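Enquirer: Contents of my_file33.cif (mmCIF, N, CA, C and O atoms) are below:
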data_final
loop_
_atom_site.label_atom_id
_atom_site.label_comp_id
_atom_site.auth_asym_id
_atom_site.auth_seq_id
_atom_site.Cartn_x
_atom_site.Cartn_y
_atom_site.Cartn_z
N MET F 1 21.23 131.00 -73.06
CA MET F 1 21.86 130.60 -71.82
C MET F 1 22.43 129.18 -71.95
O MET F 1 23.55 128.93 -71.52
N ILE F 2 21.68 128.29 -72.53
CA ILE F 2 22.15 126.91 -72.67
C ILE F 2 23.33 126.83 -73.63
O ILE F 2 24.31 126.15 -73.37
N VAL F 3 23.24 127.55 -74.73
CA VAL F 3 24.35 127.56 -75.70
C VAL F 3 25.60 128.12 -75.04
O VAL F 3 26.70 127.58 -75.22
N SER F 4 25.46 129.16 -74.23
CA SER F 4 26.60 129.72 -73.51
C SER F 4 27.20 128.69 -72.55
O SER F 4 28.42 128.57 -72.44
N ALA F 5 26.34 127.95 -71.86
CA ALA F 5 26.83 126.92 -70.94
C ALA F 5 27.59 125.84 -71.70
O ALA F 5 28.63 125.36 -71.25
N CYS F 6 27.09 125.46 -72.87
CA CYS F 6 27.79 124.47 -73.70
C CYS F 6 29.14 125.01 -74.15
O CYS F 6 30.15 124.29 -74.10
N ASN F 7 29.16 126.25 -74.59
CA ASN F 7 30.42 126.86 -75.02
C ASN F 7 31.43 126.88 -73.89
O ASN F 7 32.62 126.60 -74.10
N GLU F 8 30.97 127.22 -72.68
CA GLU F 8 31.87 127.22 -71.52
C GLU F 8 32.39 125.83 -71.22
O GLU F 8 33.49 125.66 -70.70
N ALA F 9 31.59 124.80 -71.55
CA ALA F 9 32.00 123.42 -71.31
C ALA F 9 32.88 122.89 -72.43
O ALA F 9 33.35 121.76 -72.38
N GLY F 10 33.10 123.71 -73.48
CA GLY F 10 34.04 123.32 -74.52
C GLY F 10 33.45 122.78 -75.80
O GLY F 10 34.15 122.21 -76.62
N PHE F 11 32.13 122.94 -76.01
CA PHE F 11 31.55 122.49 -77.28
C PHE F 11 30.43 123.43 -77.70
O PHE F 11 29.89 124.18 -76.91
N SER F 12 30.10 123.36 -78.99
CA SER F 12 29.04 124.18 -79.54
C SER F 12 27.93 123.26 -80.03
O SER F 12 28.15 122.43 -80.92
N PRO F 13 26.75 123.36 -79.45
CA PRO F 13 25.68 122.43 -79.83
C PRO F 13 25.07 122.75 -81.20
O PRO F 13 25.04 123.89 -81.63
N ARG F 14 24.59 121.72 -81.84
CA ARG F 14 23.82 121.86 -83.08
C ARG F 14 22.42 121.34 -82.75
O ARG F 14 22.21 120.14 -82.59
N VAL F 15 21.48 122.24 -82.60
CA VAL F 15 20.12 121.87 -82.19
C VAL F 15 19.38 121.28 -83.38
O VAL F 15 19.18 121.94 -84.40
N ALA F 16 18.99 120.01 -83.24
CA ALA F 16 18.26 119.32 -84.30
C ALA F 16 16.83 119.03 -83.89
O ALA F 16 15.95 118.90 -84.74
N GLN F 17 16.59 118.92 -82.61
CA GLN F 17 15.27 118.57 -82.09
C GLN F 17 15.09 119.23 -80.74
O GLN F 17 16.04 119.31 -79.97
N GLU F 18 13.90 119.68 -80.43
CA GLU F 18 13.62 120.28 -79.14
C GLU F 18 12.35 119.66 -78.56
O GLU F 18 11.47 119.24 -79.31
N ALA F 19 12.27 119.63 -77.25
CA ALA F 19 11.07 119.14 -76.56
C ALA F 19 10.90 119.95 -75.29
O ALA F 19 11.88 120.38 -74.68
N SER F 20 9.66 120.16 -74.90
CA SER F 20 9.41 121.00 -73.72
C SER F 20 9.27 120.18 -72.44
O SER F 20 9.40 120.73 -71.35
N GLU F 21 9.00 118.91 -72.55
CA GLU F 21 8.84 118.07 -71.36
C GLU F 21 10.07 117.21 -71.16
O GLU F 21 10.59 116.61 -72.09
N THR F 22 10.52 117.14 -69.91
CA THR F 22 11.78 116.46 -69.59
C THR F 22 11.77 115.00 -70.01
O THR F 22 12.75 114.50 -70.56
N HIS F 23 10.68 114.29 -69.76
CA HIS F 23 10.67 112.87 -70.13
C HIS F 23 10.81 112.69 -71.64
O HIS F 23 11.41 111.74 -72.11
N MET F 24 10.30 113.63 -72.42
CA MET F 24 10.45 113.57 -73.87
C MET F 24 11.90 113.85 -74.28
O MET F 24 12.43 113.20 -75.17
N VAL F 25 12.53 114.80 -73.60
CA VAL F 25 13.94 115.10 -73.87
C VAL F 25 14.79 113.85 -73.63
O VAL F 25 15.62 113.48 -74.46
N ILE F 26 14.56 113.18 -72.50
CA ILE F 26 15.32 111.97 -72.17
C ILE F 26 15.02 110.86 -73.19
O ILE F 26 15.91 110.11 -73.58
N SER F 27 13.78 110.77 -73.66
CA SER F 27 13.42 109.78 -74.68
C SER F 27 14.17 110.05 -75.99
O SER F 27 14.61 109.11 -76.65
N LEU F 28 14.32 111.32 -76.35
CA LEU F 28 15.09 111.66 -77.56
C LEU F 28 16.55 111.25 -77.42
O LEU F 28 17.15 110.73 -78.36
N VAL F 29 17.11 111.48 -76.23
CA VAL F 29 18.50 111.05 -75.98
C VAL F 29 18.59 109.54 -76.09
O VAL F 29 19.49 109.00 -76.74
N ALA F 30 17.64 108.82 -75.49
CA ALA F 30 17.64 107.35 -75.53
C ALA F 30 17.52 106.84 -76.96
O ALA F 30 18.08 105.79 -77.30
N ALA F 31 16.84 107.60 -77.82
CA ALA F 31 16.67 107.21 -79.22
C ALA F 31 17.88 107.58 -80.08
O ALA F 31 17.87 107.37 -81.29
N GLY F 32 18.92 108.13 -79.45
CA GLY F 32 20.13 108.46 -80.19
C GLY F 32 20.09 109.82 -80.87
O GLY F 32 20.88 110.08 -81.79
N MET F 33 19.21 110.69 -80.43
CA MET F 33 19.06 112.01 -81.06
C MET F 33 20.03 113.05 -80.51
O MET F 33 19.90 114.22 -80.82
N GLY F 34 20.97 112.65 -79.65
CA GLY F 34 21.96 113.61 -79.17
C GLY F 34 22.06 113.66 -77.67
O GLY F 34 21.89 112.65 -77.00
N VAL F 35 22.35 114.84 -77.17
CA VAL F 35 22.54 115.06 -75.74
C VAL F 35 21.57 116.15 -75.27
O VAL F 35 20.98 116.86 -76.08
N ALA F 36 21.41 116.27 -73.96
CA ALA F 36 20.52 117.28 -73.41
C ALA F 36 21.06 117.78 -72.09
O ALA F 36 21.71 117.02 -71.35
N LEU F 37 20.80 119.04 -71.80
CA LEU F 37 21.08 119.60 -70.48
C LEU F 37 19.79 119.49 -69.68
O LEU F 37 18.75 119.98 -70.12
N VAL F 38 19.87 118.82 -68.55
CA VAL F 38 18.69 118.63 -67.71
C VAL F 38 19.05 118.93 -66.26
O VAL F 38 20.23 118.85 -65.88
N PRO F 39 18.07 119.27 -65.44
CA PRO F 39 18.35 119.49 -64.01
C PRO F 39 18.87 118.21 -63.36
O PRO F 39 18.50 117.10 -63.76
N GLU F 40 19.73 118.37 -62.38
CA GLU F 40 20.32 117.21 -61.70
C GLU F 40 19.26 116.28 -61.12
O GLU F 40 19.44 115.06 -61.08
N ALA F 41 18.15 116.83 -60.68
CA ALA F 41 17.09 116.03 -60.07
C ALA F 41 16.48 115.01 -61.03
O ALA F 41 15.80 114.08 -60.60
N ILE F 42 16.74 115.14 -62.32
CA ILE F 42 16.17 114.23 -63.32
C ILE F 42 16.92 112.90 -63.37
O ILE F 42 16.48 111.94 -63.98
N ARG F 43 18.04 112.79 -62.70
CA ARG F 43 18.83 111.55 -62.74
C ARG F 43 18.02 110.31 -62.36
O ARG F 43 18.39 109.21 -62.73
N PHE F 44 16.94 110.49 -61.63
CA PHE F 44 16.12 109.34 -61.23
C PHE F 44 15.40 108.72 -62.43
O PHE F 44 14.99 107.57 -62.39
N LEU F 45 15.24 109.47 -63.51
CA LEU F 45 14.53 109.00 -64.69
C LEU F 45 15.46 108.11 -65.52
O LEU F 45 16.25 108.59 -66.32
N ARG F 46 15.40 106.84 -65.28
CA ARG F 46 16.31 105.88 -65.93
C ARG F 46 15.72 105.37 -67.23
O ARG F 46 14.56 104.99 -67.28
N MET F 47 16.54 105.38 -68.27
CA MET F 47 16.17 104.81 -69.56
C MET F 47 17.39 104.09 -70.12
O MET F 47 18.51 104.57 -69.96
N PRO F 48 17.16 102.97 -70.79
CA PRO F 48 18.28 102.25 -71.39
C PRO F 48 19.05 103.14 -72.36
O PRO F 48 18.45 103.85 -73.17
N GLY F 49 20.37 103.13 -72.23
CA GLY F 49 21.22 103.89 -73.13
C GLY F 49 21.47 105.33 -72.72
O GLY F 49 22.26 106.02 -73.35
N VAL F 50 20.82 105.80 -71.67
CA VAL F 50 20.99 107.18 -71.22
C VAL F 50 21.95 107.21 -70.04
O VAL F 50 21.80 106.46 -69.08
N VAL F 51 22.97 108.05 -70.14
CA VAL F 51 23.95 108.22 -69.08
C VAL F 51 23.95 109.69 -68.68
O VAL F 51 23.93 110.58 -69.53
N TYR F 52 23.94 109.95 -67.38
CA TYR F 52 23.97 111.32 -66.87
C TYR F 52 25.39 111.67 -66.44
O TYR F 52 26.05 110.88 -65.78
N ARG F 53 25.85 112.84 -66.81
CA ARG F 53 27.18 113.33 -66.43
C ARG F 53 27.05 114.76 -65.93
O ARG F 53 26.27 115.55 -66.46
N ASP F 54 27.86 115.09 -64.92
CA ASP F 54 27.89 116.46 -64.41
C ASP F 54 28.68 117.34 -65.36
O ASP F 54 29.66 116.90 -65.97
N LEU F 55 28.27 118.59 -65.48
CA LEU F 55 29.06 119.59 -66.18
C LEU F 55 29.94 120.25 -65.14
O LEU F 55 29.45 120.99 -64.29
N VAL F 56 31.21 119.96 -65.18
CA VAL F 56 32.15 120.48 -64.19
C VAL F 56 32.46 121.94 -64.47
O VAL F 56 32.78 122.31 -65.60
N GLY F 57 32.32 122.77 -63.45
CA GLY F 57 32.66 124.17 -63.58
C GLY F 57 31.62 125.03 -64.27
O GLY F 57 31.84 126.20 -64.51
N VAL F 58 30.48 124.45 -64.60
CA VAL F 58 29.42 125.20 -65.28
C VAL F 58 28.13 125.04 -64.48
O VAL F 58 27.72 123.93 -64.19
N SER F 59 27.53 126.14 -64.12
CA SER F 59 26.27 126.11 -63.38
C SER F 59 25.30 127.12 -63.97
O SER F 59 25.18 128.23 -63.46
N PRO F 60 24.62 126.76 -65.06
CA PRO F 60 23.67 127.72 -65.63
C PRO F 60 22.53 128.01 -64.66
O PRO F 60 22.11 127.13 -63.92
N GLU F 61 22.09 129.25 -64.65
CA GLU F 61 20.98 129.64 -63.78
C GLU F 61 19.72 129.78 -64.61
O GLU F 61 19.76 130.27 -65.74
N ILE F 62 18.61 129.36 -64.02
CA ILE F 62 17.32 129.45 -64.69
C ILE F 62 16.37 130.18 -63.74
O ILE F 62 16.28 129.85 -62.56
N ASP F 63 15.68 131.18 -64.25
CA ASP F 63 14.69 131.88 -63.44
C ASP F 63 13.47 131.02 -63.23
O ASP F 63 12.97 130.38 -64.17
N LEU F 64 13.01 130.97 -62.01
CA LEU F 64 11.79 130.25 -61.66
C LEU F 64 10.85 131.20 -60.96
O LEU F 64 11.27 132.19 -60.37
N ALA F 65 9.58 130.91 -60.99
CA ALA F 65 8.59 131.73 -60.32
C ALA F 65 7.61 130.82 -59.57
O ALA F 65 7.45 129.66 -59.93
N VAL F 66 7.00 131.36 -58.56
CA VAL F 66 5.97 130.65 -57.81
C VAL F 66 4.69 131.42 -58.00
O VAL F 66 4.66 132.65 -57.84
N ALA F 67 3.61 130.73 -58.34
CA ALA F 67 2.31 131.37 -58.52
C ALA F 67 1.29 130.68 -57.62
O ALA F 67 1.32 129.46 -57.45
N TRP F 68 0.41 131.47 -57.05
CA TRP F 68 -0.66 130.94 -56.21
C TRP F 68 -1.82 131.91 -56.21
O TRP F 68 -1.66 133.08 -56.56
N ARG F 69 -2.99 131.40 -55.83
CA ARG F 69 -4.16 132.27 -55.72
C ARG F 69 -4.05 133.04 -54.41
O ARG F 69 -3.90 132.45 -53.35
N ARG F 70 -4.13 134.34 -54.48
CA ARG F 70 -3.99 135.19 -53.30
C ARG F 70 -5.00 134.81 -52.22
O ARG F 70 -4.72 134.90 -51.04
N SER F 71 -6.16 134.32 -52.62
CA SER F 71 -7.21 133.97 -51.66
C SER F 71 -7.03 132.58 -51.05
O SER F 71 -7.79 132.19 -50.17
N ASP F 72 -6.04 131.82 -51.49
CA ASP F 72 -5.83 130.46 -50.98
C ASP F 72 -5.05 130.52 -49.67
O ASP F 72 -3.86 130.79 -49.65
N ASN F 73 -5.74 130.26 -48.58
CA ASN F 73 -5.15 130.36 -47.24
C ASN F 73 -4.80 129.01 -46.63
O ASN F 73 -4.56 128.93 -45.42
N ARG F 74 -4.77 127.95 -47.43
CA ARG F 74 -4.45 126.63 -46.88
C ARG F 74 -3.02 126.62 -46.33
O ARG F 74 -2.12 127.25 -46.90
N PRO F 75 -2.80 125.91 -45.23
CA PRO F 75 -1.46 125.85 -44.63
C PRO F 75 -0.39 125.34 -45.60
O PRO F 75 0.74 125.82 -45.57
N VAL F 76 -0.72 124.40 -46.46
CA VAL F 76 0.27 123.86 -47.38
C VAL F 76 0.73 124.94 -48.38
O VAL F 76 1.90 125.00 -48.75
N VAL F 77 -0.18 125.82 -48.78
CA VAL F 77 0.18 126.90 -49.69
C VAL F 77 1.08 127.90 -48.98
O VAL F 77 2.10 128.33 -49.51
N LYS F 78 0.70 128.26 -47.76
CA LYS F 78 1.52 129.19 -46.97
C LYS F 78 2.91 128.62 -46.76
O LYS F 78 3.92 129.32 -46.91
N ARG F 79 3.01 127.34 -46.46
CA ARG F 79 4.33 126.72 -46.23
C ARG F 79 5.16 126.72 -47.51
O ARG F 79 6.36 126.96 -47.47
N MET F 80 4.52 126.46 -48.65
CA MET F 80 5.24 126.47 -49.93
C MET F 80 5.79 127.86 -50.22
O MET F 80 6.94 128.01 -50.64
N ILE F 81 4.99 128.89 -49.99
CA ILE F 81 5.43 130.27 -50.21
C ILE F 81 6.59 130.60 -49.27
O ILE F 81 7.60 131.16 -49.68
N ASP F 82 6.45 130.21 -47.99
CA ASP F 82 7.52 130.47 -47.02
C ASP F 82 8.81 129.75 -47.41
O ASP F 82 9.90 130.31 -47.32
N LEU F 83 8.68 128.51 -47.87
CA LEU F 83 9.85 127.74 -48.29
C LEU F 83 10.53 128.39 -49.50
O LEU F 83 11.75 128.51 -49.55
N ALA F 84 9.74 128.85 -50.47
CA ALA F 84 10.31 129.53 -51.64
C ALA F 84 11.06 130.79 -51.22
O ALA F 84 12.15 131.07 -51.72
N LYS F 85 10.50 131.54 -50.27
CA LYS F 85 11.17 132.74 -49.78
C LYS F 85 12.47 132.40 -49.07
O LYS F 85 13.48 133.08 -49.25
N GLU F 86 12.45 131.33 -48.27
CA GLU F 86 13.67 130.90 -47.56
C GLU F 86 14.76 130.51 -48.56
O GLU F 86 15.93 130.90 -48.41
N LEU F 87 14.39 129.74 -49.57
CA LEU F 87 15.37 129.27 -50.55
C LEU F 87 15.93 130.41 -51.38
O LEU F 87 17.12 130.45 -51.67
N THR F 88 15.09 131.35 -51.76
CA THR F 88 15.59 132.46 -52.57
C THR F 88 16.41 133.43 -51.75
O THR F 88 17.28 134.11 -52.29
N ALA F 89 16.18 133.48 -50.45
CA ALA F 89 16.98 134.36 -49.59
C ALA F 89 18.44 133.95 -49.62
O ALA F 89 19.33 134.79 -49.56
N ASP F 90 18.70 132.65 -49.77
CA ASP F 90 20.07 132.16 -49.85
C ASP F 90 20.80 132.72 -51.06
O ASP F 90 22.00 132.89 -51.05
N PHE F 91 20.06 133.02 -52.12
CA PHE F 91 20.67 133.48 -53.37
C PHE F 91 20.56 134.98 -53.59
O PHE F 91 21.40 135.56 -54.25
N HIS F 92 19.53 135.60 -53.06
CA HIS F 92 19.26 136.99 -53.40
C HIS F 92 19.11 137.91 -52.20
O HIS F 92 18.61 139.00 -52.34
N GLY F 93 19.50 137.48 -51.04
CA GLY F 93 19.33 138.33 -49.85
C GLY F 93 17.98 138.07 -49.22
O GLY F 93 17.31 137.11 -49.52
N PRO F 94 17.55 138.96 -48.32
CA PRO F 94 16.29 138.75 -47.60
C PRO F 94 15.09 138.70 -48.55
O PRO F 94 15.07 139.35 -49.58
N PRO F 95 14.05 137.86 -48.19
CA PRO F 95 12.87 137.76 -49.04
C PRO F 95 12.09 139.07 -49.09
O PRO F 95 12.17 139.88 -48.18
N HIS F 96 11.34 139.26 -50.17
CA HIS F 96 10.54 140.48 -50.35
C HIS F 96 9.18 140.32 -49.73
O HIS F 96 8.56 139.36 -49.78
#
How does this structure look as structure tokens?
Expert:
Amino acid sequence: MIVSACNEAGFSPRVAQEASETHMVISLVAAGMGVALVPEAIRFLRMPGVVYRDLVGVSPEIDLAVAWRRSDNRPVVKRMIDLAKELTADFHGPPH
């Protein structure tokens, strides 16, 4: 999916290093190890030498899931589940 997004943006990436945590990805970019695709919300993570740019015309989609203990009846958990259903309804129709 990421390679396809890069191709749509006009370049073909050469993967030399990978990291699973966002702060590590940004650290690799700051160390001169290349570029990274990150969620827009990561822009708050400022590091010297790192510049964030929008990919114009490209919006890769990533599947996300919400997990919770069925027996957890706390109001905050219920609200989080309700919010996830509301947000996904915007993209996929009515919640299940």
Enquirer: So which bits of chain F end up helix (DSSP H, G or I) when you DSSP the backbone, as number ranges by chain?
Expert: F: 2-8, 22-30, 40-44, 75-92
Enquirer: Report, in Å to a single decimal, how far apart atom C of F:Asp82 and atom O of F:Met1 are.
Expert: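 Rounded to one decimal, the two atoms are 28.3 Å apart.
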Enquirer: Anything within 6 Å of (23.1, 115.2, -67.3): list those residues as number ranges by chain, counting all atoms listed in the file and sticking to the file's coordinates.
Expert: F: 36-38, 51-54
Enquirer: Keeping only N, CA, C and O atoms, write the selected residues as a PDB file, in the coordinates of the input.
Expert:
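Final output, saved to selection_18.pdb:
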ATOM      1  N   ALA F  36      21.410 116.270 -73.960  1.00  0.00           N
ATOM      2  CA  ALA F  36      20.520 117.280 -73.410  1.00  0.00           C
ATOM      3  C   ALA F  36      21.060 117.780 -72.090  1.00  0.00           C
ATOM      4  O   ALA F  36      21.710 117.020 -71.350  1.00  0.00           O
ATOM      5  N   LEU F  37      20.800 119.040 -71.800  1.00  0.00           N
ATOM      6  CA  LEU F  37      21.080 119.600 -70.480  1.00  0.00           C
ATOM      7  C   LEU F  37      19.790 119.490 -69.680  1.00  0.00           C
ATOM      8  O   LEU F  37      18.750 119.980 -70.120  1.00  0.00           O
ATOM      9  N   VAL F  38      19.870 118.820 -68.550  1.00  0.00           N
ATOM     10  CA  VAL F  38      18.690 118.630 -67.710  1.00  0.00           C
ATOM     11  C   VAL F  38      19.050 118.930 -66.260  1.00  0.00           C
ATOM     12  O   VAL F  38      20.230 118.850 -65.880  1.00  0.00           O
ATOM     13  N   VAL F  51      22.970 108.050 -70.140  1.00  0.00           N
ATOM     14  CA  VAL F  51      23.950 108.220 -69.080  1.00  0.00           C
ATOM     15  C   VAL F  51      23.950 109.690 -68.680  1.00  0.00           C
ATOM     16  O   VAL F  51      23.930 110.580 -69.530  1.00  0.00           O
ATOM     17  N   TYR F  52      23.940 109.950 -67.380  1.00  0.00           N
ATOM     18  CA  TYR F  52      23.970 111.320 -66.870  1.00  0.00           C
ATOM     19  C   TYR F  52      25.390 111.670 -66.440  1.00  0.00           C
ATOM     20  O   TYR F  52      26.050 110.880 -65.780  1.00  0.00           O
ATOM     21  N   ARG F  53      25.850 112.840 -66.810  1.00  0.00           N
ATOM     22  CA  ARG F  53      27.180 113.330 -66.430  1.00  0.00           C
ATOM     23  C   ARG F  53      27.050 114.760 -65.930  1.00  0.00           C
ATOM     24  O   ARG F  53      26.270 115.550 -66.460  1.00  0.00           O
ATOM     25  N   ASP F  54      27.860 115.090 -64.920  1.00  0.00           N
ATOM     26  CA  ASP F  54      27.890 116.460 -64.410  1.00  0.00           C
ATOM     27  C   ASP F  54      28.680 117.340 -65.360  1.00  0.00           C
ATOM     28  O   ASP F  54      29.660 116.900 -65.970  1.00  0.00           O
TER      29      ASP F  54
END
Enquirer: Selection in question (the file shown): the PyMOL selection byres (((chain F and resi 48 and name CA) around 10) and name CA). Which residues does it include, as a list in words?
Expert: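 Answer for the PyMOL selection byres (((chain F and resi 48 and name CA) around 10) and name CA): Ser27, Val29, Ala30, Ala31, Arg46, Met47, Gly49, Val50 and Val51 of chain F.
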Enquirer: How about saving the chosen residues, N, CA, C and O atoms kept, as a PDB file, in the frame of the given file?
Expert:
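File selection_22.pdb, as written:
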ATOM      1  N   SER F  27      13.780 110.770 -73.660  1.00  0.00           N
ATOM      2  CA  SER F  27      13.420 109.780 -74.680  1.00  0.00           C
ATOM      3  C   SER F  27      14.170 110.050 -75.990  1.00  0.00           C
ATOM      4  O   SER F  27      14.610 109.110 -76.650  1.00  0.00           O
ATOM      5  N   VAL F  29      17.110 111.480 -76.230  1.00  0.00           N
ATOM      6  CA  VAL F  29      18.500 111.050 -75.980  1.00  0.00           C
ATOM      7  C   VAL F  29      18.590 109.540 -76.090  1.00  0.00           C
ATOM      8  O   VAL F  29      19.490 109.000 -76.740  1.00  0.00           O
ATOM      9  N   ALA F  30      17.640 108.820 -75.490  1.00  0.00           N
ATOM     10  CA  ALA F  30      17.640 107.350 -75.530  1.00  0.00           C
ATOM     11  C   ALA F  30      17.520 106.840 -76.960  1.00  0.00           C
ATOM     12  O   ALA F  30      18.080 105.790 -77.300  1.00  0.00           O
ATOM     13  N   ALA F  31      16.840 107.600 -77.820  1.00  0.00           N
ATOM     14  CA  ALA F  31      16.670 107.210 -79.220  1.00  0.00           C
ATOM     15  C   ALA F  31      17.880 107.580 -80.080  1.00  0.00           C
ATOM     16  O   ALA F  31      17.870 107.370 -81.290  1.00  0.00           O
ATOM     17  N   ARG F  46      15.400 106.840 -65.280  1.00  0.00           N
ATOM     18  CA  ARG F  46      16.310 105.880 -65.930  1.00  0.00           C
ATOM     19  C   ARG F  46      15.720 105.370 -67.230  1.00  0.00           C
ATOM     20  O   ARG F  46      14.560 104.990 -67.280  1.00  0.00           O
ATOM     21  N   MET F  47      16.540 105.380 -68.270  1.00  0.00           N
ATOM     22  CA  MET F  47      16.170 104.810 -69.560  1.00  0.00           C
ATOM     23  C   MET F  47      17.390 104.090 -70.120  1.00  0.00           C
ATOM     24  O   MET F  47      18.510 104.570 -69.960  1.00  0.00           O
ATOM     25  N   GLY F  49      20.370 103.130 -72.230  1.00  0.00           N
ATOM     26  CA  GLY F  49      21.220 103.890 -73.130  1.00  0.00           C
ATOM     27  C   GLY F  49      21.470 105.330 -72.720  1.00  0.00           C
ATOM     28  O   GLY F  49      22.260 106.020 -73.350  1.00  0.00           O
ATOM     29  N   VAL F  50      20.820 105.800 -71.670  1.00  0.00           N
ATOM     30  CA  VAL F  50      20.990 107.180 -71.220  1.00  0.00           C
ATOM     31  C   VAL F  50      21.950 107.210 -70.040  1.00  0.00           C
ATOM     32  O   VAL F  50      21.800 106.460 -69.080  1.00  0.00           O
ATOM     33  N   VAL F  51      22.970 108.050 -70.140  1.00  0.00           N
ATOM     34  CA  VAL F  51      23.950 108.220 -69.080  1.00  0.00           C
ATOM     35  C   VAL F  51      23.950 109.690 -68.680  1.00  0.00           C
ATOM     36  O   VAL F  51      23.930 110.580 -69.530  1.00  0.00           O
TER      37      VAL F  51
END
Enquirer: For atom CA of F:Glu8 and atom CA of F:Ala89, quote the distance in Å rounded to one decimal.
Expert: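 Spanning atom CA of F:Glu8 to atom CA of F:Ala89 is a straight-line distance of 27.5 Å.
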Enquirer: State, in Å with one decimal place, the distance from atom CA of F:Gln17 to atom N of F:Gly32.
Expert: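 Spanning atom CA of F:Gln17 to atom N of F:Gly32 is a straight-line distance of 11.4 Å.
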Enquirer: If the PyMOL selection byres (((chain F and resi 3 and name CA) around 12) and name CA) is run on the structure shown, which residues does it catch, given as a CSV table (one decimal) with N, CA, C and O atoms, in the coordinates of the input?
Expert:
chain,number,residue,atom,x,y,z
F,1,MET,N,21.2,131.0,-73.1
F,1,MET,CA,21.9,130.6,-71.8
F,1,MET,C,22.4,129.2,-72.0
F,1,MET,O,23.6,128.9,-71.5
F,2,ILE,N,21.7,128.3,-72.5
F,2,ILE,CA,22.2,126.9,-72.7
F,2,ILE,C,23.3,126.8,-73.6
F,2,ILE,O,24.3,126.2,-73.4
F,4,SER,N,25.5,129.2,-74.2
F,4,SER,CA,26.6,129.7,-73.5
F,4,SER,C,27.2,128.7,-72.6
F,4,SER,O,28.4,128.6,-72.4
F,5,ALA,N,26.3,128.0,-71.9
F,5,ALA,CA,26.8,126.9,-70.9
F,5,ALA,C,27.6,125.8,-71.7
F,5,ALA,O,28.6,125.4,-71.2
F,6,CYS,N,27.1,125.5,-72.9
F,6,CYS,CA,27.8,124.5,-73.7
F,6,CYS,C,29.1,125.0,-74.2
F,6,CYS,O,30.2,124.3,-74.1
F,7,ASN,N,29.2,126.2,-74.6
F,7,ASN,CA,30.4,126.9,-75.0
F,7,ASN,C,31.4,126.9,-73.9
F,7,ASN,O,32.6,126.6,-74.1
F,8,GLU,N,31.0,127.2,-72.7
F,8,GLU,CA,31.9,127.2,-71.5
F,8,GLU,C,32.4,125.8,-71.2
F,8,GLU,O,33.5,125.7,-70.7
F,9,ALA,N,31.6,124.8,-71.6
F,9,ALA,CA,32.0,123.4,-71.3
F,9,ALA,C,32.9,122.9,-72.4
F,9,ALA,O,33.4,121.8,-72.4
F,10,GLY,N,33.1,123.7,-73.5
F,10,GLY,CA,34.0,123.3,-74.5
F,10,GLY,C,33.4,122.8,-75.8
F,10,GLY,O,34.2,122.2,-76.6
F,11,PHE,N,32.1,122.9,-76.0
F,11,PHE,CA,31.6,122.5,-77.3
F,11,PHE,C,30.4,123.4,-77.7
F,11,PHE,O,29.9,124.2,-76.9
F,12,SER,N,30.1,123.4,-79.0
F,12,SER,CA,29.0,124.2,-79.5
F,12,SER,C,27.9,123.3,-80.0
F,12,SER,O,28.2,122.4,-80.9
F,13,PRO,N,26.8,123.4,-79.4
F,13,PRO,CA,25.7,122.4,-79.8
F,13,PRO,C,25.1,122.8,-81.2
F,13,PRO,O,25.0,123.9,-81.6
F,14,ARG,N,24.6,121.7,-81.8
F,14,ARG,CA,23.8,121.9,-83.1
F,14,ARG,C,22.4,121.3,-82.8
F,14,ARG,O,22.2,120.1,-82.6
F,15,VAL,N,21.5,122.2,-82.6
F,15,VAL,CA,20.1,121.9,-82.2
F,15,VAL,C,19.4,121.3,-83.4
F,15,VAL,O,19.2,121.9,-84.4
F,36,ALA,N,21.4,116.3,-74.0
F,36,ALA,CA,20.5,117.3,-73.4
F,36,ALA,C,21.1,117.8,-72.1
F,36,ALA,O,21.7,117.0,-71.4
F,37,LEU,N,20.8,119.0,-71.8
F,37,LEU,CA,21.1,119.6,-70.5
F,37,LEU,C,19.8,119.5,-69.7
F,37,LEU,O,18.8,120.0,-70.1
F,58,VAL,N,30.5,124.4,-64.6
F,58,VAL,CA,29.4,125.2,-65.3
F,58,VAL,C,28.1,125.0,-64.5
F,58,VAL,O,27.7,123.9,-64.2
F,60,PRO,N,24.6,126.8,-65.1
F,60,PRO,CA,23.7,127.7,-65.6
F,60,PRO,C,22.5,128.0,-64.7
F,60,PRO,O,22.1,127.1,-63.9
Enquirer: Under the rule that only N, CA, C and O atoms are counted, which of F:Thr22, F:Gly57, F:Arg79, F:Arg74 is the nearest residue to F:Ile42?
Expert: F:Thr22
Enquirer: When the PyMOL selection byres (((chain F and resi 65 and name CA) around 12) and name CA) is applied to the structure above, which residues does it catch, written out as a list of chain:residue names?
Expert: F:Ile62, F:Asp63, F:Leu64, F:Val66, F:Ala67, F:Trp68, F:Ile81, F:Ala84, F:Lys85, F:Thr88
